[in-house]
Amino acid sequence: MSLSFNLKKSFNGFTADASLSFADELFVLFGPSGAGKSLILKMISGLITPDEGTVSISGETVFDSRGRVNVPIRERRAGYLFQDYALFPHMTVAGNISYGMSHLERAEVGKRVKELLALMRLGGLEERYPHELSGGQRQRTALARTLAAGPRALLLDEPFSALDYQVREKLRADLCAIHRHYPITTVMVTHDLEEAFMLAERIGVINNGAIEQVGTREEVFYMPATRNVARFVGVKNIFDGVVTARSSQGITIHCPELGAIHAPMQPLQGARPKTQFDVGSDVTFCIRPEEVLIIRPDRPISGKAEENIIEAVITSAAARGATQTLFLDIGRGRASLKVELPNFVVRKLGLAAGRRIRVSLKKESLWVIPHPAPSTTFHY
Amino acid sequence: MELSPLYLTIKVSITATFFTAAIGLVVALLMARKDFPGKTLLDIVIMQPLVIPPTVLGYYILTVFGKSGPLGRFIEDTLGLDIVFTWKGAVVAAFISSFPLFVKPARASIESVGKDLENAARLLGKTELEVLNTITLPLAWRGIAAGTVMAFARATGEFGATLMVAGNIPGLTQTLPIAIYDAVSAGDNHTANVLVAIITVFSLAVLLVAARFLKGKL
C-alpha cells in the first residue's frame, strides 16, 4: 500500500502547492501553525477539494483534476483522525468502534471490536460514552474507530495536541506500536518538533503551503535545506555571508557580523546532492546552540576548536530545565549568539551575565545553505 | 356545548403539523448544510409569517390559493381540491404560519451537530442517507421535536389567516380560536370561558414540553 499526491489549492491569498509520495511508513508532516499541514490531509481524504492535482491511495487514483476523477469521501477508505477526535457523543465506545464495520457480519464485528479494545487498552470501557472518558481514552477510541474500518492509509491531524504531557508520551509509544501492528501508510501532522522526531521515519517540513525539505530526522535536524527549516528545527544561530575562498579543506565565508568563518564543503555525510559553493556566492550558515563550544581560559585550545573563535559577552541566561541558554553579544550589538549548555557546565565555569568569554563555532558543526535555496518544491 | 371546534382544531393542527415537519425538515437541512443562491431571501420569506399581520398572510393565501389564483387553480384541476372556505384552507393557513416556528429550532439544532461528526461518518464509509439517519438526526432530534411541538401549538392557535381563508362556518371551518371570537361577539360568556380555559391549559402544557425537549430533561 502506498500514498502519493500532487496538490494545489489557493484561497484568501494563501496557496498550498505540494507533492509527496509515501511507502508503508510513518511520515510526519512538520511545520508551523497555518503552514497548510491539515489542509493537505483534508485534500487527501476528500474533505476539501483541491484546485488541481492528483491523489492516489494504494495505486488507485482517487482524485485527478485533469481526468475529472473525484472519488467520494466514503469510498476513499482513508482513515482520518480529527484533532478533537470527533467521537459520536450518542454512541458508546463499542458503538463508535463498530460504526464503520456495518458491512461485516455481526460475529466478525464483535471479534474485531474486542481485538481493538485490547490493542488500545480500552478493555472494560466499551459501554462508556465519550463524555465519560479521559482525553487519552477518547483519542484511543477514535484511533480504534478509524482502524476498525480497515483504512488503506492513516491520516492523523495533530493527534496529541489536546493531551497533557504524560499522556502524550504514552500515546506516542502506542502509536509506534500500532504502526507496527498495522503497517499502513501513516501521515501525521504536527507543529511539535519533539513529537516529529520521536515518531517519524521520514519528515517533511512544510512552510507557507510548500514542502521545503523531505528527509530522515537526522538530515532535517543537522542538514536543513532552507533557512526556514533551520529555524523550525531550532538551529537558532543563523547568519548570512559571502564565500571568499574555496579549497579542498573547505570554504571561507565572510560574514559582516562575525568576520571570516571557515566552513566545511560537506560538513556531514549526507544524501544531499553535492553543492558547489563558488567564490562570490551568497550563503547562509548556521550552528545549533548546543554545538557552540565555550573556550576555557585555563586550558589550551584543542585542535578542532582552533578555528572560528569569537569574542563575546554573556548578556543573559534562560533556564530550560536541565540546560540553560546563554545569550551572547558579539561586538557590542553587532550580532548575537545563543549557546545551550548543561546546568553543571554553567555552574562550573561560572558563566554569568557580564562575563567576557571566547567561543568556537567548530567547523564540523557548521552547516552551509546555498542561496538561493534549491527548488522549494520537492518531488520525490 | 358544541365541541366540533375542538375536534376540527385538532384535525387541522395535526394535518398542518405533519406537513410542517415533513417539508420543514428538508428545508431546515438545506438551510443548515447547503449554500445556494437566494438562501438569505428564502430565509426571510420563511420567517415572514412571524412578523406580518395574520390578515395580510390570509390575503396572500387567498390570492394564491383562491379559485382564480395560480396555485389554487392548479390544485383544483389536478387534485380536485377546494382550498378556500374549507377545512383544507385552515390547514394551509396553519401550515404557513407555523412553518417558521419549526424551521428555526430544527435548523439551529442541525447546525449545532458538528460538521466533523458528519465527516467522520463519511470517512468511515457511510452514504449521505446513513450519515443523516445515524448522526445528524439522532443528535438534532431535540430541536426537531421542540420545533414540532411549537408548530403544533401555533397551528391550534391560528386565527387571523384562518378566518380570511377558511371563513367562519360552524361545524365546517370554525376552529377553536374563531369559536371563542364568535362566542364573545354573541355574548355567550360561558362557552367562551370553557374554550379559553381549554386553549390556555393546552398552550402552557405545550410550552412546558417544548422547553423540556430543548433543555434535554425529557
# chains A, B, ... in the order shown; residues from 1 in each chain; ligands from 1
call {"tool": "interface_residues", "arguments": {"of": "chain B", "to": "chain A", "cutoff": "8 Å", "atoms": "only C-alpha atoms", "output": "ChimeraX atom specification"}}
result
/B:116-117,119-127,135,138-139
call {"tool": "write_last_selection", "arguments": {"atoms": "C-alpha atoms", "output": "compact mmCIF listing (two decimals), in the first residue's frame"}}
result
# COMPACT_ATOMS: atom_id res chain seq x y z
CA ASP B 116 -16.64 16.98 11.75
CA LEU B 117 -19.02 14.37 13.16
CA ASN B 119 -17.40 13.99 8.03
CA ALA B 120 -16.12 11.33 10.41
CA ALA B 121 -19.07 9.16 9.40
CA ARG B 122 -18.40 9.76 5.71
CA LEU B 123 -14.74 8.87 6.21
CA LEU B 124 -15.90 5.61 7.79
CA GLY B 125 -17.66 4.75 4.53
CA LYS B 126 -21.22 5.98 5.14
CA THR B 127 -23.57 7.32 2.48
CA ILE B 135 -25.54 11.00 13.10
CA PRO B 138 -30.18 11.41 16.34
CA LEU B 139 -28.09 14.37 17.52
call {"tool": "select_by_dssp", "arguments": {"residues": "segment 41-121 of chain A", "states": "strand (DSSP E or B)", "output": "VMD selection string"}}
result
chain A and resid 52 to 57 60 to 64 69 to 70 78 to 81
call {"tool": "write_last_selection", "arguments": {"atoms": "C-alpha atoms", "output": "short mmCIF file (atom, residue, chain, number, x, y, z; two decimals), in the first residue's frame"}}
result
data_model
loop_
_atom_site.label_atom_id
_atom_site.label_comp_id
_atom_site.auth_asym_id
_atom_site.auth_seq_id
_atom_site.Cartn_x
_atom_site.Cartn_y
_atom_site.Cartn_z
CA GLU A 52 -5.79 20.93 -9.25
CA GLY A 53 -3.61 17.88 -8.92
CA THR A 54 -3.83 14.18 -8.22
CA VAL A 55 -4.20 11.91 -5.21
CA SER A 56 -3.63 8.21 -5.32
CA ILE A 57 -4.18 5.77 -2.48
CA GLU A 60 -5.96 3.84 -7.05
CA THR A 61 -6.39 7.38 -8.35
CA VAL A 62 -9.00 8.94 -6.09
CA PHE A 63 -8.59 12.47 -7.39
CA ASP A 64 -7.39 13.81 -10.70
CA VAL A 69 -11.78 11.88 -11.07
CA ASN A 70 -13.13 12.75 -7.62
CA ALA A 78 -8.60 6.97 4.06
CA GLY A 79 -8.57 6.68 7.85
CA TYR A 80 -8.66 10.16 9.33
CA LEU A 81 -8.16 11.12 12.94
#
call {"tool": "residues_around", "arguments": {"residues": "Thr190 of chain A", "least_positions_apart": "5", "cutoff": "7 Å", "atoms": "only C-alpha atoms", "output": "ChimeraX atom specification"}}
result
/A:29-31,158,196
call {"tool": "select_by_dssp", "arguments": {"residues": "segment 25-252 of chain A", "states": "helix (DSSP H, G or I)", "output": "PyMOL selection string"}}
result
chain A and resi 37-45+73-76+93-101+106-119+130-132+135-148+165-181+193-199+217-222+227-232
call {"tool": "residues_around", "arguments": {"residues": "segment 206-216 of chain B", "least_positions_apart": "4", "cutoff": "8 Å", "atoms": "only C-alpha atoms", "output": "list in words"}}
result
Arg142, Gly143, Ala145, Ala146, Gly147, Val149, Met150, Ala153 and Phe202 of chain B
call {"tool": "atom_distance", "arguments": {"atom1": "atom CA of Gly136 of chain A", "atom2": "atom CA of Val189 of chain A"}}
result
17.9 Å
call {"tool": "residues_around", "arguments": {"residues": "Val184 of chain B", "least_positions_apart": "6", "cutoff": "12 Å", "atoms": "only C-alpha atoms", "output": "number ranges by chain"}}
result
B: 177-178, 190-196
call {"tool": "write_last_selection", "arguments": {"atoms": "all heavy atoms", "output": "mmCIF file, in the first residue's frame"}}
result
data_model
loop_
_atom_site.group_PDB
_atom_site.id
_atom_site.type_symbol
_atom_site.label_atom_id
_atom_site.label_comp_id
_atom_site.auth_asym_id
_atom_site.auth_seq_id
_atom_site.Cartn_x
_atom_site.Cartn_y
_atom_site.Cartn_z
ATOM 1 N N PRO B 177 -60.130 29.047 18.149
ATOM 2 C CA PRO B 177 -59.954 30.489 18.354
ATOM 3 C C PRO B 177 -61.095 31.283 17.716
ATOM 4 O O PRO B 177 -61.530 32.293 18.281
ATOM 5 C CB PRO B 177 -58.629 30.784 17.640
ATOM 6 C CG PRO B 177 -57.918 29.484 17.609
ATOM 7 C CD PRO B 177 -58.972 28.438 17.469
ATOM 8 N N ILE B 178 -61.575 30.800 16.566
ATOM 9 C CA ILE B 178 -62.661 31.520 15.900
ATOM 10 C C ILE B 178 -63.966 31.353 16.682
ATOM 11 O O ILE B 178 -64.754 32.302 16.838
ATOM 12 C CB ILE B 178 -62.819 31.025 14.443
ATOM 13 C CG1 ILE B 178 -61.537 31.385 13.660
ATOM 14 C CG2 ILE B 178 -64.025 31.664 13.774
ATOM 15 C CD1 ILE B 178 -61.451 30.760 12.296
ATOM 16 N N HIS B 190 -70.201 31.886 28.807
ATOM 17 C CA HIS B 190 -69.939 30.549 29.335
ATOM 18 C C HIS B 190 -69.090 29.733 28.346
ATOM 19 O O HIS B 190 -68.043 29.200 28.684
ATOM 20 C CB HIS B 190 -71.247 29.821 29.631
ATOM 21 C CG HIS B 190 -71.048 28.385 29.985
ATOM 22 N ND1 HIS B 190 -70.456 27.989 31.170
ATOM 23 C CD2 HIS B 190 -71.305 27.242 29.295
ATOM 24 C CE1 HIS B 190 -70.388 26.678 31.206
ATOM 25 N NE2 HIS B 190 -70.898 26.187 30.078
ATOM 26 N N THR B 191 -69.574 29.683 27.090
ATOM 27 C CA THR B 191 -68.830 28.951 26.063
ATOM 28 C C THR B 191 -67.424 29.524 25.900
ATOM 29 O O THR B 191 -66.429 28.791 25.847
ATOM 30 C CB THR B 191 -69.571 29.032 24.709
ATOM 31 O OG1 THR B 191 -70.898 28.552 24.907
ATOM 32 C CG2 THR B 191 -68.861 28.226 23.639
ATOM 33 N N ALA B 192 -67.345 30.857 25.842
ATOM 34 C CA ALA B 192 -66.038 31.497 25.697
ATOM 35 C C ALA B 192 -65.094 31.074 26.807
ATOM 36 O O ALA B 192 -63.936 30.702 26.557
ATOM 37 C CB ALA B 192 -66.205 33.008 25.675
ATOM 38 N N ASN B 193 -65.589 31.089 28.057
ATOM 39 C CA ASN B 193 -64.735 30.735 29.198
ATOM 40 C C ASN B 193 -64.182 29.309 29.087
ATOM 41 O O ASN B 193 -62.996 29.062 29.313
ATOM 42 C CB ASN B 193 -65.513 30.869 30.501
ATOM 43 C CG ASN B 193 -65.685 32.329 30.896
ATOM 44 O OD1 ASN B 193 -64.974 33.200 30.379
ATOM 45 N ND2 ASN B 193 -66.642 32.597 31.781
ATOM 46 N N VAL B 194 -65.068 28.398 28.727
ATOM 47 C CA VAL B 194 -64.637 26.997 28.638
ATOM 48 C C VAL B 194 -63.573 26.838 27.557
ATOM 49 O O VAL B 194 -62.523 26.241 27.769
ATOM 50 C CB VAL B 194 -65.852 26.079 28.353
ATOM 51 C CG1 VAL B 194 -65.370 24.654 28.101
ATOM 52 C CG2 VAL B 194 -66.836 26.118 29.515
ATOM 53 N N LEU B 195 -63.855 27.431 26.381
ATOM 54 C CA LEU B 195 -62.907 27.288 25.264
ATOM 55 C C LEU B 195 -61.571 27.962 25.578
ATOM 56 O O LEU B 195 -60.500 27.440 25.268
ATOM 57 C CB LEU B 195 -63.514 27.864 23.979
ATOM 58 C CG LEU B 195 -64.775 27.149 23.455
ATOM 59 C CD1 LEU B 195 -65.286 27.826 22.182
ATOM 60 C CD2 LEU B 195 -64.507 25.682 23.199
ATOM 61 N N VAL B 196 -61.650 29.136 26.216
ATOM 62 C CA VAL B 196 -60.417 29.849 26.595
ATOM 63 C C VAL B 196 -59.609 29.007 27.575
ATOM 64 O O VAL B 196 -58.381 28.892 27.460
ATOM 65 C CB VAL B 196 -60.750 31.229 27.198
ATOM 66 C CG1 VAL B 196 -59.560 31.797 27.955
ATOM 67 C CG2 VAL B 196 -61.183 32.200 26.095
#
call {"tool": "residues_around", "arguments": {"residues": "segment 4-20 of chain A", "least_positions_apart": "6", "cutoff": "10 Å", "atoms": "only C-alpha atoms", "output": "MDAnalysis selection string"}}
result
chainID A and resid 34:37 39:40 43:44 48:65 204 206:212 214 376:380
call {"tool": "closest_residue", "arguments": {"among": "B:Ala151, B:Ile46, B:Met164, B:Ala90", "to": "Leu62 of chain B", "atoms": "only C-alpha atoms"}}
result
B:Met164
call {"tool": "residues_around", "arguments": {"residues": "segment 74-88 of chain B", "least_positions_apart": "2", "cutoff": "12 Å", "atoms": "only C-alpha atoms", "output": "PyMOL selection string"}}
result
chain B and resi 5+7-16+58-72+90-95+161-175
call {"tool": "write_last_selection", "arguments": {"atoms": "C-alpha atoms", "output": "CSV table (one decimal), in the first residue's frame"}}
result
chain,number,residue,atom,x,y,z
B,5,PRO,CA,-64.5,23.4,17.0
B,7,TYR,CA,-62.3,18.3,17.0
B,8,LEU,CA,-61.8,20.5,14.0
B,9,THR,CA,-58.8,22.3,15.6
B,10,ILE,CA,-57.2,19.0,16.4
B,11,LYS,CA,-57.7,17.7,12.9
B,12,VAL,CA,-56.4,20.9,11.3
B,13,SER,CA,-53.4,21.2,13.6
B,14,ILE,CA,-52.3,17.6,13.2
B,15,THR,CA,-52.6,17.7,9.4
B,16,ALA,CA,-50.8,21.1,9.3
B,58,GLY,CA,-54.5,35.4,4.9
B,59,TYR,CA,-54.9,37.7,2.0
B,60,TYR,CA,-51.8,36.3,0.3
B,61,ILE,CA,-53.1,32.8,0.8
B,62,LEU,CA,-56.5,33.8,-0.7
B,63,THR,CA,-54.7,35.4,-3.7
B,64,VAL,CA,-52.5,32.4,-4.3
B,65,PHE,CA,-54.8,29.5,-3.4
B,66,GLY,CA,-58.1,31.0,-4.4
B,67,LYS,CA,-60.0,29.7,-7.4
B,68,SER,CA,-58.5,32.3,-9.7
B,69,GLY,CA,-55.1,32.1,-8.0
B,70,PRO,CA,-52.3,30.3,-9.8
B,71,LEU,CA,-51.8,27.6,-7.3
B,72,GLY,CA,-55.5,27.3,-6.4
B,90,ALA,CA,-57.5,26.2,7.6
B,91,VAL,CA,-54.7,23.7,7.2
B,92,VAL,CA,-52.9,25.9,4.7
B,93,ALA,CA,-53.2,28.9,7.0
B,94,ALA,CA,-51.9,26.9,10.0
B,95,PHE,CA,-49.1,25.3,7.9
B,161,ALA,CA,-55.3,34.0,8.4
B,162,THR,CA,-57.7,31.1,9.1
B,163,LEU,CA,-60.6,33.4,9.3
B,164,MET,CA,-59.6,35.0,6.0
B,165,VAL,CA,-59.0,31.8,4.1
B,166,ALA,CA,-61.4,29.3,5.7
B,167,GLY,CA,-64.1,31.6,7.0
B,168,ASN,CA,-66.3,31.0,10.0
B,169,ILE,CA,-68.6,28.2,9.1
B,170,PRO,CA,-69.8,26.4,12.3
B,171,GLY,CA,-69.1,22.7,12.1
B,172,LEU,CA,-67.1,23.1,8.9
B,173,THR,CA,-64.3,25.7,9.3
B,174,GLN,CA,-64.9,27.1,12.7
B,175,THR,CA,-61.8,26.3,14.8
call {"tool": "closest_residue", "arguments": {"among": "B:Leu25, B:Leu176, B:Leu30, B:Ile110", "to": "Ala197 of chain B", "atoms": "only C-alpha atoms"}}
result
B:Leu176
